[in-house]
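Q: Before I ask anything, let me first share the structure, which is written out below as structure tokens.
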Amino acid sequence: MEAESLYKYLPLRIHCLMTSLPSAAILTLNEIRLRVGLPLSLSLGDRNLSVSGEGKLCRPENGVTVSEEEMRECISKLTRSSLYTYDETIKRGYIPLDGGARAGVCGDAVSERGRIKAFSDIKSVSLRVSRLFKNLAKPLYERISDSGMAGCLVFSPPGAGKTTYLRSAAYLLSRGKKPYRVGLSDERCELFVPEMTGCLIDCVRGCGKSEGIELLTRTMSPQIIICDEISGDEADGIISAQNSGVRLIASCHGDSLESIMKRPHIKQMTEKGIFELFVKLWYDGSFKSEILKAESQKTAKSGEEPPGAAGGEMI
Amino acid sequence: MTIKLMASGLIVAVGWFAGGAYADIKKQGYLELCGVIRLLETLKSGILYSRAELYGMFFDFSDKTLSENGFLEELNRNPSSHAGEAFKRAAERLSIDQKIKDVLTAFGDTLGLLDRDTQVERLESCVSFLESEKTSLKETLESKLKSYRYLGALGGSLAAIILF
């Protein structure tokens with residue numbers, strides 16, 4: 001997805017300012033963030049910048065401020081003037097957009113029995129660009145192709161490319177030399193992108209991960225299921241659905257294997273044999289990855305040049 | 001003398017028709033109010049049961065009175081604009097009391113920007129206000145519709161007497 005395709009959701013003034021930015025900067029644009037009464041912010045690679053009133057990149061404090069009226073305009077465009085149709089996803093903090101993109105939202109939450117029921121006032125919107133780096137997960141794909149199917153957990157701090165990596169894994173596994181039937185449990189409607197048309201992918205969108213995995217396993221007989229950001233609440237459902245023997249590739253937040261293993265649900269799933277491989281991701285100008293094995297927790301494939309943004313073919 | 005009589009008759013007739021026209025305006029306001037209430041009820045059921053989008057519902061809705069006065073045309077003029085703004089612009093086309101227009105404008109400010117429960121709540125409170133206005137307007141119309149014509153004719157007669 002091109003970053004420019006997100007401009008249609010922006011308020012008119014900000015849309016005009018964005019179109020004046022240099023195209024080289026737009027290529028590295030990961031996120032556009034609007035906050036009421038605060039400067040517009042852009043994530044370009046690992047830098048957070050803003051846009052000045054003259055349409056130039058600048059430090060956030062010198063950027064144009066987003067007004068309440070502009071936030072309303074943006075929300076109205078994101079929801080096609082019908083916010084109530086996105087109640088279910090807004091409760092979970094996002095609005096799905098066309099082409100696998102999503103807008104994260106937050107603000108003044110209205111809670112009921114400890115759960116967010118709605119937002120009385122949306123204060124922040126984050127528009128994330130969903131890109132497909134075709135070869136980002138190539139080492140994992142080669143590993144699976146050579147050594148056979150294996151469950152895998154991808155972990156990294158936020159913003160280091162977990163979803164991008166999973167997208168690449170889905171693409172390569174379903175379209176490689178030896179294509180597999182891949183099921184995507186795409187709860188937040190951000191894994192499947194239009195560029196995946198032609199791949200052997202069945203996608204369940206908008207439902208919980210454990211329900212999605214169960215549905216895919218029962219009805220679509222996939223060889224691999226891929227889902228994003230697993231949490232403790234879903235562990236039991238995932239374990240029960242995984243008893244079918246279908247391999248799972250999932251992701252979670254974390255900066256080291258030791259730290260993620262401290263989480264009971266990850267530990268439990270690893271002990272049950274759901275995850276045999278782990279992929280550590282980080283970003284320092286380009287995407288970096290390292291494949292680790294579950295049993296020894298030692299680096300199984302290191303010292304190689306990890307795939308970076310330049311190495312991955314972006315479409 | 002004949003000419004004076006004819007002129008007087010004409011003035012009385014004009015008064016009669018003017019009274020009738022005023023009555024028609026009142027009646028038009030009543031019919032518009034009925035149409036808007038029906039639109040809001042349609043929106044409510046769409047929001048509650050099918051989660052339909054506002055512009056889709058605007059487009060599917062039809063009403064003779066609201067179509068004739070340009071309300072529906074204004075509502076569907078620019079589907080890329082905010083639906084609440086379109087509703088407010090359309091409300092300006094109505095020939096109803098300013099008090100009712102103000103309520104519709106305030107409602108338009110929130111239309112499409114709220115979660116389902118709150119949106120339905122606002123819709124219900126707006127419909128309940130409009131229903132009460134409709135009831136009082138209906139009572140007024142029933143009792144005064146003929147009176148407007150008679151008052152018009154009476155006014156015409158008085159004008160004829162003063163003139164001739």
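Ligands are numbered from 1 in the order shown, residues from 1 within each chain, and chains are lettered A, B, ... in the order they appear in the structure tokens.
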Taking only C-alpha atoms into account, find every residue of chain A that has an atom no more than 8 Å from chain B, and write it out as an mmCIF file with C-alpha atoms, in the first residue's frame.
A:
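Result went into result-v3.cif, see below:
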data_model
loop_
_atom_site.group_PDB
_atom_site.id
_atom_site.type_symbol
_atom_site.label_atom_id
_atom_site.label_comp_id
_atom_site.auth_asym_id
_atom_site.auth_seq_id
_atom_site.Cartn_x
_atom_site.Cartn_y
_atom_site.Cartn_z
ATOM 1 C CA ARG A 72 -13.875 15.372 13.477
ATOM 2 C CA GLU A 73 -13.287 15.659 9.755
ATOM 3 C CA ILE A 75 -12.997 10.580 11.988
ATOM 4 C CA SER A 76 -15.844 11.271 9.621
ATOM 5 C CA LYS A 77 -13.706 10.277 6.629
ATOM 6 C CA ARG A 80 -17.621 7.152 6.139
ATOM 7 C CA SER A 81 -19.643 9.438 8.418
ATOM 8 C CA SER A 82 -20.951 6.441 10.356
ATOM 9 C CA LEU A 83 -18.859 5.914 13.469
ATOM 10 C CA TYR A 84 -21.398 3.486 14.966
ATOM 11 C CA THR A 85 -20.618 0.928 12.241
ATOM 12 C CA ASP A 87 -18.214 0.144 17.384
ATOM 13 C CA ALA A 118 -16.730 3.199 23.479
ATOM 14 C CA PHE A 119 -14.763 6.427 23.247
ATOM 15 C CA SER A 120 -16.741 9.529 24.162
#
Q: Could you pull out all residues of chain B with a DSSP call of alpha helix (DSSP H) and give them as a PyMOL selection string?
A: chain B and resi 2-45+54-60+64-68+71-75+83-91+98-110+116-163
Q: Let me make sure I understand: among B:Asp63, B:Glu74, B:Asp24, B:Glu131, which one has the smallest atom-to-atom distance to Arg93 of chain B if we use only C-alpha atoms?
A: B:Glu74
Q: Using DSSP on the backbone coordinates, identify all residues within segment 42-109 of chain A classified as strand (DSSP E); present the result as number ranges by chain.
A: A: 42-44, 47-51, 57-58, 94-96, 102-109
Q: What does the distance from atom CA of Lys64 of chain B to atom CA of Ser147 of chain B come to in Å, to one decimal?
A: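 Here the two named atoms are 26.8 Å from each other.
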Q: Atom CA of Glu124 of chain B and atom CA of Ser143 of chain B are how many Å apart?
A: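 Atom CA of Ser143 of chain B lies at a distance of 28.7 Å from atom CA of Glu124 of chain B.
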Q: Name the residues in contact with segment 58-69 of chain A at a cut-off of 8 Å, using only C-alpha atoms, excluding same-chain residues fewer than 2 positions from it; report them as an mmCIF file with N, CA and C atoms, in the first residue's frame.
A:
data_model
loop_
_atom_site.group_PDB
_atom_site.id
_atom_site.type_symbol
_atom_site.label_atom_id
_atom_site.label_comp_id
_atom_site.auth_asym_id
_atom_site.auth_seq_id
_atom_site.Cartn_x
_atom_site.Cartn_y
_atom_site.Cartn_z
ATOM 1 N N LEU A 34 -2.373 12.020 14.245
ATOM 2 C CA LEU A 34 -3.054 13.275 14.546
ATOM 3 C C LEU A 34 -3.483 13.252 16.011
ATOM 4 N N ARG A 35 -3.202 14.350 16.708
ATOM 5 C CA ARG A 35 -3.638 14.476 18.104
ATOM 6 C C ARG A 35 -4.286 15.842 18.253
ATOM 7 N N VAL A 36 -5.460 15.884 18.891
ATOM 8 C CA VAL A 36 -6.181 17.156 19.023
ATOM 9 C C VAL A 36 -5.352 18.157 19.827
ATOM 10 N N GLY A 37 -5.176 19.333 19.264
ATOM 11 C CA GLY A 37 -4.457 20.404 19.956
ATOM 12 C C GLY A 37 -2.948 20.226 19.983
ATOM 13 N N LEU A 38 -2.437 19.213 19.309
ATOM 14 C CA LEU A 38 -0.991 18.949 19.305
ATOM 15 C C LEU A 38 -0.499 18.846 17.860
ATOM 16 N N PRO A 39 0.816 18.930 17.675
ATOM 17 C CA PRO A 39 1.312 18.914 16.289
ATOM 18 C C PRO A 39 1.090 17.566 15.595
ATOM 19 N N LEU A 40 0.878 17.653 14.310
ATOM 20 C CA LEU A 40 0.792 16.460 13.469
ATOM 21 C C LEU A 40 2.144 15.752 13.547
ATOM 22 N N SER A 41 2.149 14.413 13.654
ATOM 23 C CA SER A 41 3.460 13.757 13.683
ATOM 24 C C SER A 41 3.545 12.655 12.637
ATOM 25 N N ASN A 48 10.738 10.628 14.320
ATOM 26 C CA ASN A 48 9.423 11.233 14.461
ATOM 27 C C ASN A 48 9.531 12.708 14.108
ATOM 28 N N LEU A 49 8.897 13.086 13.016
ATOM 29 C CA LEU A 49 8.966 14.469 12.548
ATOM 30 C C LEU A 49 7.563 15.027 12.366
ATOM 31 N N SER A 50 7.489 16.274 11.913
ATOM 32 C CA SER A 50 6.194 16.886 11.646
ATOM 33 C C SER A 50 6.266 17.678 10.340
ATOM 34 N N VAL A 51 5.187 18.353 10.031
ATOM 35 C CA VAL A 51 5.145 19.168 8.812
ATOM 36 C C VAL A 51 4.841 20.605 9.220
ATOM 37 N N SER A 52 5.593 21.536 8.691
ATOM 38 C CA SER A 52 5.351 22.947 9.014
ATOM 39 C C SER A 52 4.208 23.486 8.152
ATOM 40 N N GLY A 53 3.772 24.690 8.479
ATOM 41 C CA GLY A 53 2.698 25.330 7.716
ATOM 42 C C GLY A 53 3.057 25.552 6.263
ATOM 43 N N LYS A 56 6.919 21.797 4.829
ATOM 44 C CA LYS A 56 8.285 21.235 4.942
ATOM 45 C C LYS A 56 8.358 20.335 6.169
ATOM 46 N N MET A 71 -10.005 16.945 13.561
ATOM 47 C CA MET A 71 -10.110 15.565 14.050
ATOM 48 C C MET A 71 -11.480 14.987 13.697
ATOM 49 N N ARG A 72 -12.521 15.814 13.848
ATOM 50 C CA ARG A 72 -13.875 15.372 13.477
ATOM 51 C C ARG A 72 -13.943 15.043 11.991
ATOM 52 N N GLU A 73 -13.299 15.881 11.211
ATOM 53 C CA GLU A 73 -13.287 15.659 9.755
ATOM 54 C C GLU A 73 -12.600 14.326 9.439
#
Q: Quick one, how far is atom CA of Gly198 of chain A from atom CA of Tyr180 of chain A?
A: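 So the answer is 12.7 Å.
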Q: Pick from A:Leu57, A:Cys189, A:Ile274, A:Ile249: nearest to Ser43 of chain A, with only C-alpha atoms counted?
A: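 For Ser43 of chain A, the nearest of the candidates is A:Leu57.
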Q: Nearest residue to Glu70 of chain A out of A:Pro11, A:Glu4, A:Met220, A:Ala235, using only C-alpha atoms?
A: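 Smallest separation from Glu70 of chain A among the options: A:Pro11.
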Q: Give me the residues within 12 Å of Ala106 of chain B as number ranges by chain, counting only C-alpha atoms and dropping any in the same chain fewer than 6 places off.
A: B: 84-85, 87-89, 91, 99-100, 122-123, 125-126
Q: Write a file of the just-selected residues containing C-alpha atoms, as a compact mmCIF listing (two decimals), in the first residue's frame.
A:
# COMPACT_ATOMS: atom_id res chain seq x y z
CA GLY B 84 -24.01 15.55 9.89
CA GLU B 85 -23.10 18.70 7.95
CA PHE B 87 -28.14 17.00 7.41
CA LYS B 88 -27.70 20.52 8.81
CA ARG B 89 -27.59 22.04 5.34
CA ALA B 91 -32.53 21.25 7.50
CA LYS B 99 -36.84 26.45 17.22
CA ILE B 100 -37.24 23.08 15.47
CA ARG B 122 -29.73 11.17 20.55
CA LEU B 123 -31.98 10.06 17.72
CA SER B 125 -34.58 12.27 22.04
CA CYS B 126 -34.69 14.26 18.78
Q: Excluding Arg188 of chain A and any residue of its chain fewer than 5 positions from it, enumerate the residues within 8 Å of it, using only C-alpha atoms, and give them as a ChimeraX atom specification.
A: /A:89,94,96,102,205-206
Q: Which residues are close to Gly9 of chain B, i.e. within 12 Å by only C-alpha atoms, leaving aside same-chain residues fewer than 2 positions away? Reply as a PDB file with N, CA and C atoms, in the first residue's frame.
A:
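Dumped to part_29.pdb:
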ATOM      1  N   THR B   2     -70.365  49.595  -9.944  1.00  0.00           N
ATOM      2  CA  THR B   2     -70.090  48.189 -10.304  1.00  0.00           C
ATOM      3  C   THR B   2     -68.611  47.866 -10.197  1.00  0.00           C
ATOM      4  N   ILE B   3     -67.840  48.848 -10.677  1.00  0.00           N
ATOM      5  CA  ILE B   3     -66.381  48.639 -10.625  1.00  0.00           C
ATOM      6  C   ILE B   3     -65.919  48.520  -9.178  1.00  0.00           C
ATOM      7  N   LYS B   4     -66.470  49.403  -8.304  1.00  0.00           N
ATOM      8  CA  LYS B   4     -66.097  49.365  -6.892  1.00  0.00           C
ATOM      9  C   LYS B   4     -66.456  48.015  -6.279  1.00  0.00           C
ATOM     10  N   LEU B   5     -67.658  47.548  -6.636  1.00  0.00           N
ATOM     11  CA  LEU B   5     -68.101  46.243  -6.103  1.00  0.00           C
ATOM     12  C   LEU B   5     -67.171  45.120  -6.566  1.00  0.00           C
ATOM     13  N   MET B   6     -66.840  45.175  -7.859  1.00  0.00           N
ATOM     14  CA  MET B   6     -65.941  44.151  -8.407  1.00  0.00           C
ATOM     15  C   MET B   6     -64.570  44.198  -7.747  1.00  0.00           C
ATOM     16  N   ALA B   7     -64.055  45.428  -7.544  1.00  0.00           N
ATOM     17  CA  ALA B   7     -62.745  45.596  -6.896  1.00  0.00           C
ATOM     18  C   ALA B   7     -62.788  45.066  -5.468  1.00  0.00           C
ATOM     19  N   ILE B  11     -60.617  42.122  -3.804  1.00  0.00           N
ATOM     20  CA  ILE B  11     -59.776  42.266  -2.598  1.00  0.00           C
ATOM     21  C   ILE B  11     -60.126  41.179  -1.582  1.00  0.00           C
ATOM     22  N   VAL B  12     -61.412  40.917  -1.427  1.00  0.00           N
ATOM     23  CA  VAL B  12     -61.845  39.871  -0.479  1.00  0.00           C
ATOM     24  C   VAL B  12     -61.299  38.508  -0.926  1.00  0.00           C
ATOM     25  N   ALA B  13     -61.410  38.274  -2.259  1.00  0.00           N
ATOM     26  CA  ALA B  13     -60.910  36.991  -2.792  1.00  0.00           C
ATOM     27  C   ALA B  13     -59.412  36.847  -2.554  1.00  0.00           C
ATOM     28  N   VAL B  14     -58.679  37.962  -2.782  1.00  0.00           N
ATOM     29  CA  VAL B  14     -57.226  37.932  -2.551  1.00  0.00           C
ATOM     30  C   VAL B  14     -56.940  37.601  -1.085  1.00  0.00           C
ATOM     31  N   GLY B  15     -57.696  38.258  -0.185  1.00  0.00           N
ATOM     32  CA  GLY B  15     -57.548  37.992   1.253  1.00  0.00           C
ATOM     33  C   GLY B  15     -57.815  36.528   1.559  1.00  0.00           C
ATOM     34  N   TRP B  16     -58.852  35.979   0.936  1.00  0.00           N
ATOM     35  CA  TRP B  16     -59.211  34.556   1.138  1.00  0.00           C
ATOM     36  C   TRP B  16     -58.054  33.633   0.718  1.00  0.00           C
ATOM     37  N   ALA B 153     -60.193  36.573   4.309  1.00  0.00           N
ATOM     38  CA  ALA B 153     -61.359  37.187   3.658  1.00  0.00           C
ATOM     39  C   ALA B 153     -61.819  38.407   4.433  1.00  0.00           C
ATOM     40  N   LEU B 154     -61.807  38.282   5.769  1.00  0.00           N
ATOM     41  CA  LEU B 154     -62.213  39.397   6.619  1.00  0.00           C
ATOM     42  C   LEU B 154     -61.282  40.579   6.448  1.00  0.00           C
ATOM     43  N   GLY B 156     -59.568  41.207   3.825  1.00  0.00           N
ATOM     44  CA  GLY B 156     -59.855  41.755   2.498  1.00  0.00           C
ATOM     45  C   GLY B 156     -61.068  42.661   2.542  1.00  0.00           C
ATOM     46  N   SER B 157     -62.135  42.237   3.263  1.00  0.00           N
ATOM     47  CA  SER B 157     -63.363  43.039   3.373  1.00  0.00           C
ATOM     48  C   SER B 157     -63.069  44.371   4.035  1.00  0.00           C
ATOM     49  N   LEU B 158     -62.307  44.307   5.122  1.00  0.00           N
ATOM     50  CA  LEU B 158     -61.949  45.553   5.833  1.00  0.00           C
ATOM     51  C   LEU B 158     -61.186  46.491   4.931  1.00  0.00           C
ATOM     52  N   ALA B 159     -60.250  45.926   4.183  1.00  0.00           N
ATOM     53  CA  ALA B 159     -59.465  46.755   3.272  1.00  0.00           C
ATOM     54  C   ALA B 159     -60.368  47.394   2.226  1.00  0.00           C
ATOM     55  N   ALA B 160     -61.397  46.622   1.719  1.00  0.00           N
ATOM     56  CA  ALA B 160     -62.309  47.137   0.710  1.00  0.00           C
ATOM     57  C   ALA B 160     -63.142  48.279   1.279  1.00  0.00           C
ATOM     58  N   ILE B 161     -63.634  48.098   2.531  1.00  0.00           N
ATOM     59  CA  ILE B 161     -64.446  49.137   3.173  1.00  0.00           C
ATOM     60  C   ILE B 161     -63.623  50.415   3.349  1.00  0.00           C
ATOM     61  N   PHE B 164     -62.997  51.945  -0.221  1.00  0.00           N
ATOM     62  CA  PHE B 164     -64.150  52.510  -0.994  1.00  0.00           C
ATOM     63  C   PHE B 164     -65.204  53.096  -0.087  1.00  0.00           C
TER      64      PHE B 164
END
Q: Do you know which residues are at most 12 Å from Val246 of chain A counting only C-alpha atoms, after dropping those on the same chain fewer than 4 positions away, and could you put them as a PDB file with N, CA and C atoms, in the first residue's frame?
A:
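The result, written out as result.pdb:
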ATOM      1  N   MET A 149       7.913 -28.166   8.276  1.00  0.00           N
ATOM      2  CA  MET A 149       7.032 -27.239   8.987  1.00  0.00           C
ATOM      3  C   MET A 149       7.435 -27.070  10.448  1.00  0.00           C
ATOM      4  N   ALA A 150       7.311 -25.867  10.933  1.00  0.00           N
ATOM      5  CA  ALA A 150       7.587 -25.614  12.352  1.00  0.00           C
ATOM      6  C   ALA A 150       6.765 -24.415  12.800  1.00  0.00           C
ATOM      7  N   GLY A 151       6.248 -24.498  14.011  1.00  0.00           N
ATOM      8  CA  GLY A 151       5.538 -23.351  14.577  1.00  0.00           C
ATOM      9  C   GLY A 151       6.558 -22.283  14.944  1.00  0.00           C
ATOM     10  N   CYS A 152       6.155 -21.043  14.838  1.00  0.00           N
ATOM     11  CA  CYS A 152       7.135 -19.969  15.039  1.00  0.00           C
ATOM     12  C   CYS A 152       6.505 -18.762  15.727  1.00  0.00           C
ATOM     13  N   TYR A 180       2.469 -23.428   0.236  1.00  0.00           N
ATOM     14  CA  TYR A 180       1.630 -24.059   1.258  1.00  0.00           C
ATOM     15  C   TYR A 180       0.271 -23.361   1.293  1.00  0.00           C
ATOM     16  N   ARG A 181      -0.739 -24.095   1.823  1.00  0.00           N
ATOM     17  CA  ARG A 181      -2.028 -23.446   2.051  1.00  0.00           C
ATOM     18  C   ARG A 181      -1.917 -22.686   3.374  1.00  0.00           C
ATOM     19  N   VAL A 182      -2.049 -21.360   3.286  1.00  0.00           N
ATOM     20  CA  VAL A 182      -1.877 -20.516   4.475  1.00  0.00           C
ATOM     21  C   VAL A 182      -3.229 -19.946   4.903  1.00  0.00           C
ATOM     22  N   GLY A 183      -3.503 -20.045   6.201  1.00  0.00           N
ATOM     23  CA  GLY A 183      -4.713 -19.414   6.751  1.00  0.00           C
ATOM     24  C   GLY A 183      -4.303 -18.199   7.556  1.00  0.00           C
ATOM     25  N   ILE A 213      -8.681 -19.091  14.278  1.00  0.00           N
ATOM     26  CA  ILE A 213      -7.847 -20.286  14.092  1.00  0.00           C
ATOM     27  C   ILE A 213      -8.737 -21.532  14.043  1.00  0.00           C
ATOM     28  N   GLU A 214      -9.727 -21.563  14.943  1.00  0.00           N
ATOM     29  CA  GLU A 214     -10.627 -22.715  14.983  1.00  0.00           C
ATOM     30  C   GLU A 214     -11.419 -22.831  13.670  1.00  0.00           C
ATOM     31  N   LEU A 216     -10.632 -21.609  10.700  1.00  0.00           N
ATOM     32  CA  LEU A 216      -9.754 -21.982   9.586  1.00  0.00           C
ATOM     33  C   LEU A 216      -9.430 -23.475   9.631  1.00  0.00           C
ATOM     34  N   THR A 217      -9.114 -23.953  10.850  1.00  0.00           N
ATOM     35  CA  THR A 217      -8.737 -25.362  10.989  1.00  0.00           C
ATOM     36  C   THR A 217      -9.892 -26.276  10.580  1.00  0.00           C
ATOM     37  N   ARG A 218     -11.089 -25.917  11.025  1.00  0.00           N
ATOM     38  CA  ARG A 218     -12.239 -26.782  10.751  1.00  0.00           C
ATOM     39  C   ARG A 218     -12.670 -26.761   9.292  1.00  0.00           C
ATOM     40  N   MET A 220     -11.087 -24.842   6.446  1.00  0.00           N
ATOM     41  CA  MET A 220     -10.233 -24.548   5.299  1.00  0.00           C
ATOM     42  C   MET A 220      -8.995 -25.447   5.192  1.00  0.00           C
ATOM     43  N   SER A 221      -8.820 -26.330   6.145  1.00  0.00           N
ATOM     44  CA  SER A 221      -7.661 -27.240   6.218  1.00  0.00           C
ATOM     45  C   SER A 221      -6.352 -26.587   5.741  1.00  0.00           C
ATOM     46  N   PRO A 222      -5.927 -25.537   6.444  1.00  0.00           N
ATOM     47  CA  PRO A 222      -4.653 -24.912   6.058  1.00  0.00           C
ATOM     48  C   PRO A 222      -3.470 -25.753   6.534  1.00  0.00           C
ATOM     49  N   GLN A 223      -2.312 -25.530   5.947  1.00  0.00           N
ATOM     50  CA  GLN A 223      -1.094 -26.197   6.419  1.00  0.00           C
ATOM     51  C   GLN A 223      -0.388 -25.335   7.463  1.00  0.00           C
ATOM     52  N   ILE A 224      -0.549 -24.031   7.316  1.00  0.00           N
ATOM     53  CA  ILE A 224       0.029 -23.092   8.289  1.00  0.00           C
ATOM     54  C   ILE A 224      -1.008 -22.014   8.578  1.00  0.00           C
ATOM     55  N   ILE A 225      -1.096 -21.638   9.851  1.00  0.00           N
ATOM     56  CA  ILE A 225      -1.959 -20.511  10.213  1.00  0.00           C
ATOM     57  C   ILE A 225      -1.075 -19.390  10.736  1.00  0.00           C
ATOM     58  N   ILE A 226      -1.386 -18.187  10.295  1.00  0.00           N
ATOM     59  CA  ILE A 226      -0.604 -17.031  10.742  1.00  0.00           C
ATOM     60  C   ILE A 226      -1.531 -16.046  11.442  1.00  0.00           C
ATOM     61  N   ILE A 238      -6.250 -20.919  21.517  1.00  0.00           N
ATOM     62  CA  ILE A 238      -5.251 -21.226  20.490  1.00  0.00           C
ATOM     63  C   ILE A 238      -4.710 -22.642  20.710  1.00  0.00           C
ATOM     64  N   ILE A 239      -4.417 -22.978  21.977  1.00  0.00           N
ATOM     65  CA  ILE A 239      -3.881 -24.318  22.266  1.00  0.00           C
ATOM     66  C   ILE A 239      -4.896 -25.383  21.854  1.00  0.00           C
ATOM     67  N   SER A 240      -6.149 -25.135  22.190  1.00  0.00           N
ATOM     68  CA  SER A 240      -7.167 -26.128  21.856  1.00  0.00           C
ATOM     69  C   SER A 240      -7.332 -26.255  20.332  1.00  0.00           C
ATOM     70  N   ALA A 241      -7.302 -25.120  19.647  1.00  0.00           N
ATOM     71  CA  ALA A 241      -7.431 -25.173  18.182  1.00  0.00           C
ATOM     72  C   ALA A 241      -6.198 -25.790  17.536  1.00  0.00           C
ATOM     73  N   GLN A 242      -5.061 -25.646  18.212  1.00  0.00           N
ATOM     74  CA  GLN A 242      -3.809 -26.125  17.640  1.00  0.00           C
ATOM     75  C   GLN A 242      -3.605 -27.633  17.789  1.00  0.00           C
ATOM     76  N   GLY A 273       4.614 -27.403  22.495  1.00  0.00           N
ATOM     77  CA  GLY A 273       5.207 -27.653  21.177  1.00  0.00           C
ATOM     78  C   GLY A 273       4.619 -26.830  20.057  1.00  0.00           C
ATOM     79  N   ILE A 274       3.863 -25.792  20.426  1.00  0.00           N
ATOM     80  CA  ILE A 274       3.269 -24.957  19.364  1.00  0.00           C
ATOM     81  C   ILE A 274       4.348 -24.116  18.689  1.00  0.00           C
ATOM     82  N   PHE A 275       5.299 -23.642  19.486  1.00  0.00           N
ATOM     83  CA  PHE A 275       6.391 -22.857  18.912  1.00  0.00           C
ATOM     84  C   PHE A 275       7.713 -23.613  19.027  1.00  0.00           C
TER      85      PHE A 275
END
Q: Tell me which of B:Phe107, B:Tyr30, B:Phe61, B:Tyr49 sits closest to Ser95 of chain B, counting only C-alpha atoms.
A: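 Nearest candidate to Ser95 of chain B out of B:Phe107, B:Tyr30, B:Phe61, B:Tyr49: B:Tyr30.
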Q: May I ask which of the residues B:Asp97, B:Asn76, B:Gly20, B:Ala86 is the closest one to Leu130 of chain B, counting only C-alpha atoms?
A: B:Asp97
